[in-house]
>>> print(open('query.pdb').read())   # PDB, C-alpha atoms and all ligand atoms
ATOM      1  CA  MET A1037      96.018  69.670 114.291  1.00  0.00           C
ATOM      2  CA  ASN A1038      95.093  72.680 112.166  1.00  0.00           C
ATOM      3  CA  LEU A1039      97.926  74.445 110.401  1.00  0.00           C
ATOM      4  CA  LEU A1040      98.802  77.261 108.050  1.00  0.00           C
ATOM      5  CA  ILE A1041     101.972  77.419 106.020  1.00  0.00           C
ATOM      6  CA  ILE A1042     103.308  80.777 104.881  1.00  0.00           C
ATOM      7  CA  GLY A1043     106.241  81.438 102.589  1.00  0.00           C
ATOM      8  CA  ALA A1044     107.371  83.737  99.800  1.00  0.00           C
ATOM      9  CA  PRO A1045     107.587  82.519  96.189  1.00  0.00           C
ATOM     10  CA  GLY A1046     110.568  80.160  96.030  1.00  0.00           C
ATOM     11  CA  ALA A1047     110.679  79.492  99.790  1.00  0.00           C
ATOM     12  CA  GLY A1048     109.688  75.847  99.276  1.00  0.00           C
ATOM     13  CA  LYS A1049     106.092  76.029 100.461  1.00  0.00           C
ATOM     14  CA  GLY A1050     104.833  73.437  97.958  1.00  0.00           C
ATOM     15  CA  THR A1051     107.525  70.898  98.831  1.00  0.00           C
ATOM     16  CA  MET A1052     107.104  71.369 102.586  1.00  0.00           C
ATOM     17  CA  SER A1053     103.312  71.130 102.315  1.00  0.00           C
ATOM     18  CA  GLU A1054     103.626  67.804 100.538  1.00  0.00           C
ATOM     19  CA  MET A1055     106.028  66.469 103.165  1.00  0.00           C
ATOM     20  CA  ILE A1056     103.773  67.608 106.028  1.00  0.00           C
ATOM     21  CA  LEU A1057     100.650  66.104 104.416  1.00  0.00           C
ATOM     22  CA  ASP A1058     102.496  62.862 103.791  1.00  0.00           C
ATOM     23  CA  LYS A1059     103.570  62.397 107.358  1.00  0.00           C
ATOM     24  CA  TYR A1060     100.641  63.880 109.272  1.00  0.00           C
ATOM     25  CA  HIS A1061      97.724  62.907 106.989  1.00  0.00           C
ATOM     26  CA  LEU A1062      96.083  66.302 107.185  1.00  0.00           C
ATOM     27  CA  ILE A1063      93.500  67.593 104.716  1.00  0.00           C
ATOM     28  CA  HIS A1064      95.125  69.945 102.213  1.00  0.00           C
ATOM     29  CA  VAL A1065      93.087  73.124 101.893  1.00  0.00           C
ATOM     30  CA  SER A1066      94.196  75.084  98.853  1.00  0.00           C
ATOM     31  CA  THR A1067      91.881  77.887  97.788  1.00  0.00           C
ATOM     32  CA  GLY A1068      93.267  77.671  94.244  1.00  0.00           C
ATOM     33  CA  ASP A1069      92.425  73.960  93.972  1.00  0.00           C
ATOM     34  CA  MET A1070      88.997  74.464  95.547  1.00  0.00           C
ATOM     35  CA  LEU A1071      88.189  77.289  93.147  1.00  0.00           C
ATOM     36  CA  ARG A1072      89.171  75.202  90.137  1.00  0.00           C
ATOM     37  CA  ALA A1073      87.089  72.282  91.427  1.00  0.00           C
ATOM     38  CA  ALA A1074      84.034  74.479  92.121  1.00  0.00           C
ATOM     39  CA  VAL A1075      84.260  75.965  88.634  1.00  0.00           C
ATOM     40  CA  LYS A1076      84.695  72.541  87.039  1.00  0.00           C
ATOM     41  CA  ASN A1077      81.731  71.069  88.945  1.00  0.00           C
ATOM     42  CA  GLY A1078      79.556  74.101  88.220  1.00  0.00           C
ATOM     43  CA  THR A1079      78.537  74.582  91.868  1.00  0.00           C
ATOM     44  CA  PRO A1080      76.680  77.850  92.693  1.00  0.00           C
ATOM     45  CA  VAL A1081      79.859  79.305  94.145  1.00  0.00           C
ATOM     46  CA  GLY A1082      81.852  78.004  91.191  1.00  0.00           C
ATOM     47  CA  LEU A1083      79.522  79.744  88.748  1.00  0.00           C
ATOM     48  CA  LYS A1084      79.924  82.970  90.675  1.00  0.00           C
ATOM     49  CA  ALA A1085      83.723  82.633  90.646  1.00  0.00           C
ATOM     50  CA  GLN A1086      83.593  81.904  86.921  1.00  0.00           C
ATOM     51  CA  GLU A1087      81.895  85.243  86.245  1.00  0.00           C
ATOM     52  CA  TYR A1088      84.845  87.117  87.752  1.00  0.00           C
ATOM     53  CA  MET A1089      87.407  84.927  86.027  1.00  0.00           C
ATOM     54  CA  ASN A1090      85.686  85.431  82.658  1.00  0.00           C
ATOM     55  CA  ARG A1091      86.059  89.166  83.124  1.00  0.00           C
ATOM     56  CA  GLY A1092      89.726  88.669  83.993  1.00  0.00           C
ATOM     57  CA  GLU A1093      89.127  89.891  87.553  1.00  0.00           C
ATOM     58  CA  LEU A1094      90.363  88.499  90.857  1.00  0.00           C
ATOM     59  CA  VAL A1095      87.808  86.341  92.631  1.00  0.00           C
ATOM     60  CA  PRO A1096      86.699  88.520  95.583  1.00  0.00           C
ATOM     61  CA  ASP A1097      87.068  87.560  99.242  1.00  0.00           C
ATOM     62  CA  GLU A1098      83.314  86.923  99.711  1.00  0.00           C
ATOM     63  CA  VAL A1099      83.373  84.155  97.114  1.00  0.00           C
ATOM     64  CA  ILE A1100      86.517  82.608  98.593  1.00  0.00           C
ATOM     65  CA  HIS A1101      84.829  82.854 101.999  1.00  0.00           C
ATOM     66  CA  ASP A1102      81.896  80.732 100.779  1.00  0.00           C
ATOM     67  CA  ILE A1103      84.232  78.126  99.313  1.00  0.00           C
ATOM     68  CA  ILE A1104      86.150  77.855 102.588  1.00  0.00           C
ATOM     69  CA  VAL A1105      83.003  77.557 104.695  1.00  0.00           C
ATOM     70  CA  GLU A1106      81.779  74.801 102.393  1.00  0.00           C
ATOM     71  CA  ARG A1107      85.089  72.912 102.633  1.00  0.00           C
ATOM     72  CA  LEU A1108      85.567  73.284 106.386  1.00  0.00           C
ATOM     73  CA  SER A1109      82.022  72.068 107.014  1.00  0.00           C
ATOM     74  CA  GLN A1110      82.766  68.635 105.578  1.00  0.00           C
ATOM     75  CA  ASP A1111      83.329  65.714 107.988  1.00  0.00           C
ATOM     76  CA  ASP A1112      86.813  64.677 106.866  1.00  0.00           C
ATOM     77  CA  ILE A1113      88.188  68.000 108.125  1.00  0.00           C
ATOM     78  CA  GLU A1114      88.079  66.612 111.677  1.00  0.00           C
ATOM     79  CA  ALA A1115      91.388  64.892 110.862  1.00  0.00           C
ATOM     80  CA  GLY A1116      93.022  68.334 110.860  1.00  0.00           C
ATOM     81  CA  PHE A1117      93.980  70.542 107.935  1.00  0.00           C
ATOM     82  CA  LEU A1118      96.792  72.457 106.327  1.00  0.00           C
ATOM     83  CA  PHE A1119      95.982  75.766 104.664  1.00  0.00           C
ATOM     84  CA  ASP A1120      98.404  76.566 101.875  1.00  0.00           C
ATOM     85  CA  GLY A1121      98.426  79.968 100.180  1.00  0.00           C
ATOM     86  CA  TYR A1122      95.677  81.367 102.360  1.00  0.00           C
ATOM     87  CA  PRO A1123      95.133  83.719 104.176  1.00  0.00           C
ATOM     88  CA  ARG A1124      97.178  86.128 102.082  1.00  0.00           C
ATOM     89  CA  THR A1125      95.948  89.334 103.710  1.00  0.00           C
ATOM     90  CA  LEU A1126      95.020  90.527 107.190  1.00  0.00           C
ATOM     91  CA  ASN A1127      91.333  90.728 106.255  1.00  0.00           C
ATOM     92  CA  GLN A1128      91.372  87.121 105.075  1.00  0.00           C
ATOM     93  CA  ALA A1129      93.058  86.053 108.334  1.00  0.00           C
ATOM     94  CA  ILE A1130      90.398  87.810 110.415  1.00  0.00           C
ATOM     95  CA  ASP A1131      87.672  86.263 108.276  1.00  0.00           C
ATOM     96  CA  LEU A1132      89.183  82.777 108.564  1.00  0.00           C
ATOM     97  CA  ASP A1133      89.273  83.115 112.348  1.00  0.00           C
ATOM     98  CA  ALA A1134      85.593  84.024 112.371  1.00  0.00           C
ATOM     99  CA  ILE A1135      84.740  80.991 110.220  1.00  0.00           C
ATOM    100  CA  LEU A1136      86.760  78.672 112.456  1.00  0.00           C
ATOM    101  CA  LYS A1137      85.210  80.092 115.617  1.00  0.00           C
ATOM    102  CA  GLU A1138      81.764  79.445 114.194  1.00  0.00           C
ATOM    103  CA  LEU A1139      82.774  75.819 113.580  1.00  0.00           C
ATOM    104  CA  GLY A1140      84.390  75.454 117.015  1.00  0.00           C
ATOM    105  CA  LYS A1141      87.887  75.198 115.572  1.00  0.00           C
ATOM    106  CA  LYS A1142      91.138  77.136 115.706  1.00  0.00           C
ATOM    107  CA  ILE A1143      94.571  77.382 114.146  1.00  0.00           C
ATOM    108  CA  ASP A1144      97.138  75.460 116.223  1.00  0.00           C
ATOM    109  CA  GLY A1145     100.252  76.408 114.325  1.00  0.00           C
ATOM    110  CA  VAL A1146     101.470  78.808 111.643  1.00  0.00           C
ATOM    111  CA  ILE A1147     104.633  77.659 109.902  1.00  0.00           C
ATOM    112  CA  ASN A1148     106.479  80.687 108.545  1.00  0.00           C
ATOM    113  CA  LEU A1149     109.208  79.788 106.049  1.00  0.00           C
ATOM    114  CA  ASN A1150     111.793  82.501 106.601  1.00  0.00           C
ATOM    115  CA  ILE A1151     114.266  83.323 103.876  1.00  0.00           C
ATOM    116  CA  GLU A1152     115.954  86.496 102.638  1.00  0.00           C
ATOM    117  CA  ASP A1153     114.857  88.011  99.352  1.00  0.00           C
ATOM    118  CA  ALA A1154     118.419  87.790  97.976  1.00  0.00           C
ATOM    119  CA  GLU A1155     118.293  84.004  98.302  1.00  0.00           C
ATOM    120  CA  LEU A1156     114.823  83.789  96.726  1.00  0.00           C
ATOM    121  CA  ILE A1157     116.019  85.936  93.835  1.00  0.00           C
ATOM    122  CA  LYS A1158     118.869  83.492  93.161  1.00  0.00           C
ATOM    123  CA  ARG A1159     116.541  80.504  93.456  1.00  0.00           C
ATOM    124  CA  ILE A1160     113.998  81.903  91.020  1.00  0.00           C
ATOM    125  CA  THR A1161     115.946  84.003  88.527  1.00  0.00           C
ATOM    126  CA  GLY A1162     118.630  81.276  88.375  1.00  0.00           C
ATOM    127  CA  ARG A1163     116.094  78.637  87.362  1.00  0.00           C
ATOM    128  CA  ARG A1164     116.451  77.175  83.854  1.00  0.00           C
ATOM    129  CA  LEU A1165     114.494  74.371  82.341  1.00  0.00           C
ATOM    130  CA  CYS A1166     114.956  71.978  79.528  1.00  0.00           C
ATOM    131  CA  PRO A1167     112.130  72.110  76.974  1.00  0.00           C
ATOM    132  CA  GLY A1168     113.208  68.670  75.731  1.00  0.00           C
ATOM    133  CA  CYS A1169     113.127  66.472  78.849  1.00  0.00           C
ATOM    134  CA  GLY A1170     111.796  68.783  81.557  1.00  0.00           C
ATOM    135  CA  GLU A1171     114.977  68.714  83.663  1.00  0.00           C
ATOM    136  CA  ILE A1172     115.332  71.746  85.964  1.00  0.00           C
ATOM    137  CA  TYR A1173     118.635  73.521  86.656  1.00  0.00           C
ATOM    138  CA  ASN A1174     119.764  76.541  88.607  1.00  0.00           C
ATOM    139  CA  ILE A1175     122.722  78.543  87.344  1.00  0.00           C
ATOM    140  CA  TYR A1176     123.768  79.326  90.955  1.00  0.00           C
ATOM    141  CA  PHE A1177     123.068  76.077  92.781  1.00  0.00           C
ATOM    142  CA  MET A1178     122.792  73.330  90.174  1.00  0.00           C
ATOM    143  CA  PRO A1179     124.315  74.500  86.894  1.00  0.00           C
ATOM    144  CA  PRO A1180     124.415  72.283  83.814  1.00  0.00           C
ATOM    145  CA  LYS A1181     127.862  70.951  82.840  1.00  0.00           C
ATOM    146  CA  VAL A1182     127.852  73.081  79.689  1.00  0.00           C
ATOM    147  CA  GLU A1183     126.393  76.560  80.067  1.00  0.00           C
ATOM    148  CA  GLY A1184     122.901  76.819  78.592  1.00  0.00           C
ATOM    149  CA  LYS A1185     122.699  73.129  77.546  1.00  0.00           C
ATOM    150  CA  CYS A1186     120.809  70.222  79.127  1.00  0.00           C
ATOM    151  CA  ASP A1187     123.123  67.520  80.547  1.00  0.00           C
ATOM    152  CA  LYS A1188     120.667  64.807  79.592  1.00  0.00           C
ATOM    153  CA  CYS A1189     119.473  65.686  76.115  1.00  0.00           C
ATOM    154  CA  ASP A1190     121.691  68.586  75.008  1.00  0.00           C
ATOM    155  CA  ALA A1191     118.698  70.859  74.308  1.00  0.00           C
ATOM    156  CA  GLU A1192     119.021  74.633  74.758  1.00  0.00           C
ATOM    157  CA  LEU A1193     117.807  75.577  78.284  1.00  0.00           C
ATOM    158  CA  ILE A1194     115.114  78.193  78.690  1.00  0.00           C
ATOM    159  CA  GLN A1195     113.967  80.553  81.430  1.00  0.00           C
ATOM    160  CA  ARG A1196     110.262  80.808  82.271  1.00  0.00           C
ATOM    161  CA  LYS A1197     108.831  84.229  81.445  1.00  0.00           C
ATOM    162  CA  ASP A1198     107.683  84.782  85.075  1.00  0.00           C
ATOM    163  CA  ASP A1199     111.112  83.957  86.487  1.00  0.00           C
ATOM    164  CA  ASN A1200     112.663  87.325  85.616  1.00  0.00           C
ATOM    165  CA  LEU A1201     113.868  89.819  88.222  1.00  0.00           C
ATOM    166  CA  GLU A1202     111.304  92.550  87.510  1.00  0.00           C
ATOM    167  CA  SER A1203     108.229  90.373  87.935  1.00  0.00           C
ATOM    168  CA  LEU A1204     109.772  88.606  90.943  1.00  0.00           C
ATOM    169  CA  GLU A1205     110.473  91.906  92.706  1.00  0.00           C
ATOM    170  CA  VAL A1206     106.831  92.889  92.238  1.00  0.00           C
ATOM    171  CA  ARG A1207     105.676  89.523  93.620  1.00  0.00           C
ATOM    172  CA  LEU A1208     108.040  89.770  96.604  1.00  0.00           C
ATOM    173  CA  SER A1209     107.085  93.302  97.581  1.00  0.00           C
ATOM    174  CA  GLU A1210     103.401  92.374  97.214  1.00  0.00           C
ATOM    175  CA  TYR A1211     104.053  89.307  99.374  1.00  0.00           C
ATOM    176  CA  HIS A1212     105.785  91.237 102.172  1.00  0.00           C
ATOM    177  CA  LYS A1213     103.224  94.019 102.167  1.00  0.00           C
ATOM    178  CA  ASN A1214     100.318  91.572 102.533  1.00  0.00           C
ATOM    179  CA  THR A1215     101.884  88.842 104.638  1.00  0.00           C
ATOM    180  CA  GLN A1216     103.689  90.827 107.319  1.00  0.00           C
ATOM    181  CA  PRO A1217     100.385  91.925 108.933  1.00  0.00           C
ATOM    182  CA  VAL A1218      99.134  88.307 108.738  1.00  0.00           C
ATOM    183  CA  ILE A1219     102.195  87.063 110.640  1.00  0.00           C
ATOM    184  CA  GLU A1220     101.857  89.837 113.216  1.00  0.00           C
ATOM    185  CA  TYR A1221      98.197  88.948 113.642  1.00  0.00           C
ATOM    186  CA  TYR A1222      98.978  85.316 114.444  1.00  0.00           C
ATOM    187  CA  GLU A1223     101.964  86.295 116.634  1.00  0.00           C
ATOM    188  CA  LYS A1224      99.411  87.690 119.078  1.00  0.00           C
ATOM    189  CA  THR A1225      98.052  84.205 119.762  1.00  0.00           C
ATOM    190  CA  GLY A1226     101.545  82.718 119.997  1.00  0.00           C
ATOM    191  CA  VAL A1227     101.040  80.143 117.237  1.00  0.00           C
ATOM    192  CA  VAL A1228     103.722  81.292 114.781  1.00  0.00           C
ATOM    193  CA  ARG A1229     106.843  79.158 114.344  1.00  0.00           C
ATOM    194  CA  HIS A1230     109.653  80.662 112.275  1.00  0.00           C
ATOM    195  CA  ILE A1231     111.575  78.126 110.241  1.00  0.00           C
ATOM    196  CA  ASP A1232     114.906  78.838 108.544  1.00  0.00           C
ATOM    197  CA  ALA A1233     114.007  77.933 104.955  1.00  0.00           C
ATOM    198  CA  LYS A1234     117.463  78.626 103.534  1.00  0.00           C
ATOM    199  CA  GLN A1235     118.692  75.259 104.777  1.00  0.00           C
ATOM    200  CA  ALA A1236     118.682  72.020 102.776  1.00  0.00           C
ATOM    201  CA  ILE A1237     115.191  70.560 102.179  1.00  0.00           C
ATOM    202  CA  GLU A1238     115.683  67.690 104.656  1.00  0.00           C
ATOM    203  CA  LYS A1239     116.812  70.085 107.385  1.00  0.00           C
ATOM    204  CA  VAL A1240     113.900  72.465 106.787  1.00  0.00           C
ATOM    205  CA  PHE A1241     111.491  69.572 107.100  1.00  0.00           C
ATOM    206  CA  ALA A1242     113.266  68.236 110.217  1.00  0.00           C
ATOM    207  CA  ASP A1243     112.745  71.632 111.885  1.00  0.00           C
ATOM    208  CA  ILE A1244     109.062  71.705 110.885  1.00  0.00           C
ATOM    209  CA  ASP A1245     108.669  68.128 112.035  1.00  0.00           C
ATOM    210  CA  ALA A1246     110.084  68.980 115.470  1.00  0.00           C
ATOM    211  CA  VAL A1247     107.554  71.822 115.790  1.00  0.00           C
ATOM    212  CA  LEU A1248     104.654  69.577 114.752  1.00  0.00           C
ATOM    213  CA  GLU A1249     105.714  66.754 117.065  1.00  0.00           C
ATOM    214  CA  GLY A1250     105.532  69.324 119.859  1.00  0.00           C
ATOM    215  CA  LEU A1251     102.068  70.453 118.761  1.00  0.00           C
ATOM    216  CA  CYS A1252     100.779  66.869 118.626  1.00  0.00           C
ATOM    217  CA  LYS A1253     101.588  66.291 122.302  1.00  0.00           C
TER
HETATM  218 ZN    ZN A1301     116.872  67.873  78.612  1.00  0.00          ZN
END
>>> encode(input="query.pdb", output="structure tokens")
Amino acid sequence: MNLLIIGAPGAGKGTMSEMILDKYHLIHVSTGDMLRAAVKNGTPVGLKAQEYMNRGELVPDEVIHDIIVERLSQDDIEAGFLFDGYPRTLNQAIDLDAILKELGKKIDGVINLNIEDAELIKRITGRRLCPGCGEIYNIYFMPPKVEGKCDKCDAELIQRKDDNLESLEVRLSEYHKNTQPVIEYYEKTGVVRHIDAKQAIEKVFADIDAVLEGLCK
């Protein structure tokens, strides 16, 4: 079973990916992880990626393409895979399809974690963390007992710099602009499954699980 998971920042993509991998023993294909590994191991493609990163530029699609081909050509991939955080754009989706076709594979399911922006904004801008013990709070959903103080160690809670409304709105509009065409592209082959990601974690996973059970048959 070959899957993609798609979701906006804060939709719970990381958590759901972990739960899917745990139960279905798929290979996790994360372009971010693969890039870091290629750079660390100094592979030809890693060295190329490093050049762009050193200049503070985005690693271009051609380099990512090579990394994906390399990964999908390995034997363990026969067990099935889960792509997480890729493809992000229509061009990447078209390219991935071409790679898979070449390898005699296809995408069986695209899990789209659906959630309104207003909810994501609360999830992310409401997040506070404790610099002392690492505990995470949310002022809307899981507030500390005393405003601004950690329940466990009494330290002053902080907000991550990226968790502010302005930078989130940029990330969300970027996400919608790029991802909507990707979803529409996969809709054409009937593989997209929309999951209500506003529900409790267990319920979101139960819905995904039901979809995957169906795909396994
Ligand atoms: Zn604390």
>>> closest_residue(input="query.pdb", among="A:Lys1142, A:Lys1185, A:Lys1059, A:Lys1084", to="ligand ZN 1301 (chain A)", atoms="all atoms listed in the file")
A:Lys1185
>>> residues_around(input="query.pdb", residues="range 1135-1139 of chain A", least_positions_apart="2", cutoff="12 Å", atoms="only C-alpha atoms", output="PyMOL selection string")
chain A and resi 1038+1100-1111+1113-1114+1117+1128-1133+1141-1144
>>> atom_distance(input="query.pdb", atom1="CA of Leu1248 in chain A", atom2="CA of Gly1140 in chain A")
21.2 Å
>>> atom_distance(input="query.pdb", atom1="CA of Met1070 in chain A", atom2="CA of Gly1048 in chain A")
21.1 Å
>>> residues_near_ligand(input="query.pdb", ligand="ligand ZN 1301 (chain A)", cutoff="12 Å", atoms="all atoms listed in the file", output="number ranges by chain")
A: 1164-1173, 1180, 1184-1194
>>> atom_distance(input="query.pdb", atom1="CA of Tyr1122 in chain A", atom2="CA of Thr1215 in chain A")
10.0 Å
>>> closest_residue(input="query.pdb", among="A:Glu1223, A:Asp1097, A:Asp1245, A:Asp1120", to="Met1055 in chain A", atoms="all atoms listed in the file")
A:Asp1245
>>> closest_residue(input="query.pdb", among="A:Gly1068, A:Gly1116, A:Val1095, A:Gly1050", to="Cys1252 in chain A", atoms="only C-alpha atoms")
A:Gly1116
>>> resolve_selection(input="query.pdb", expression="the PyMOL selection byres (((chain A and resi 1071) around 10) and not hetatm)", output="MDAnalysis selection string")
chainID A and resid 1066:1070 1072:1077 1081:1082 1085:1086 1095 1099:1100 1103:1104
>>> resolve_selection(input="query.pdb", expression="the PyMOL selection byres (((chain A and resi 1217) around 12) and not hetatm)", output="list of chain:residue names")
A:Pro1123, A:Arg1124, A:Thr1125, A:Leu1126, A:Asn1127, A:Gln1128, A:Ala1129, A:Ile1130, A:Tyr1211, A:His1212, A:Lys1213, A:Asn1214, A:Thr1215, A:Gln1216, A:Val1218, A:Ile1219, A:Glu1220, A:Tyr1221, A:Tyr1222, A:Glu1223, A:Lys1224
>>> closest_residue(input="query.pdb", among="A:Ala1115, A:Ile1151, A:Leu1062, A:Met1052", to="Lys1234 in chain A", atoms="all atoms listed in the file")
A:Ile1151
>>> closest_residue(input="query.pdb", among="A:Ile1042, A:Leu1083, A:Val1182, A:Leu1149", to="Phe1119 in chain A", atoms="only C-alpha atoms")
A:Ile1042
>>> closest_residue(input="query.pdb", among="A:Gly1145, A:Gly1226, A:Gly1078, A:Gly1162", to="Asp1198 in chain A", atoms="only C-alpha atoms")
A:Gly1162
>>> residues_around(input="query.pdb", residues="Tyr1176 in chain A", least_positions_apart="3", cutoff="8 Å", atoms="all atoms listed in the file", output="MDAnalysis selection string")
chainID A and resid 1158:1159 1162 1179
>>> residues_around(input="query.pdb", residues="Ile1160 in chain A", least_positions_apart="4", cutoff="8 Å", atoms="all atoms listed in the file", output="VMD selection string")
chain A and resid 1046 1156 1199 to 1200 1204
>>> axis_aligned_box(input="query.pdb", around="range 1196-1213 of chain A", padding_each_side="3 Å", output="lines of an AutoDock Vina configuration file")
center_x = 108.5
center_y = 87.4
center_z = 91.8
size_x = 16.6
size_y = 19.2
size_z = 26.7
>>> decode(input="query.pdb", residues="range 1142-1177 of chain A", atoms="C-alpha atoms", output="mmCIF file, in the first residue's frame")
data_model
loop_
_atom_site.group_PDB
_atom_site.id
_atom_site.type_symbol
_atom_site.label_atom_id
_atom_site.label_comp_id
_atom_site.auth_asym_id
_atom_site.auth_seq_id
_atom_site.Cartn_x
_atom_site.Cartn_y
_atom_site.Cartn_z
ATOM 1 C CA LYS A 1142 1.318 3.909 -8.034
ATOM 2 C CA ILE A 1143 -0.282 5.856 -5.217
ATOM 3 C CA ASP A 1144 -3.162 3.875 -3.673
ATOM 4 C CA GLY A 1145 -4.439 6.481 -1.271
ATOM 5 C CA VAL A 1146 -4.076 10.170 -0.434
ATOM 6 C CA ILE A 1147 -5.096 11.029 3.112
ATOM 7 C CA ASN A 1148 -6.168 14.668 3.254
ATOM 8 C CA LEU A 1149 -6.429 16.021 6.801
ATOM 9 C CA ASN A 1150 -9.216 18.572 6.538
ATOM 10 C CA ILE A 1151 -9.462 21.356 9.069
ATOM 11 C CA GLU A 1152 -10.521 25.005 8.966
ATOM 12 C CA ASP A 1153 -7.882 27.701 9.215
ATOM 13 C CA ALA A 1154 -9.607 29.210 12.278
ATOM 14 C CA GLU A 1155 -9.011 25.977 14.187
ATOM 15 C CA LEU A 1156 -5.378 25.741 13.037
ATOM 16 C CA ILE A 1157 -4.817 29.334 14.118
ATOM 17 C CA LYS A 1158 -6.045 28.500 17.632
ATOM 18 C CA ARG A 1159 -3.941 25.339 17.749
ATOM 19 C CA ILE A 1160 -0.750 27.102 16.714
ATOM 20 C CA THR A 1161 -0.995 30.642 18.067
ATOM 21 C CA GLY A 1162 -2.382 29.254 21.357
ATOM 22 C CA ARG A 1163 0.652 27.025 21.859
ATOM 23 C CA ARG A 1164 2.911 27.848 24.824
ATOM 24 C CA LEU A 1165 5.864 25.910 26.049
ATOM 25 C CA CYS A 1166 7.776 25.642 29.232
ATOM 26 C CA PRO A 1167 11.491 26.381 28.811
ATOM 27 C CA GLY A 1168 12.133 24.591 32.116
ATOM 28 C CA CYS A 1169 10.608 21.128 31.625
ATOM 29 C CA GLY A 1170 9.426 21.159 28.013
ATOM 30 C CA GLU A 1171 5.722 20.804 28.859
ATOM 31 C CA ILE A 1172 3.412 22.075 26.092
ATOM 32 C CA TYR A 1173 0.177 23.992 26.729
ATOM 33 C CA ASN A 1174 -2.483 25.647 24.633
ATOM 34 C CA ILE A 1175 -4.249 28.710 25.993
ATOM 35 C CA TYR A 1176 -7.490 27.660 24.222
ATOM 36 C CA PHE A 1177 -7.529 23.892 24.655
#
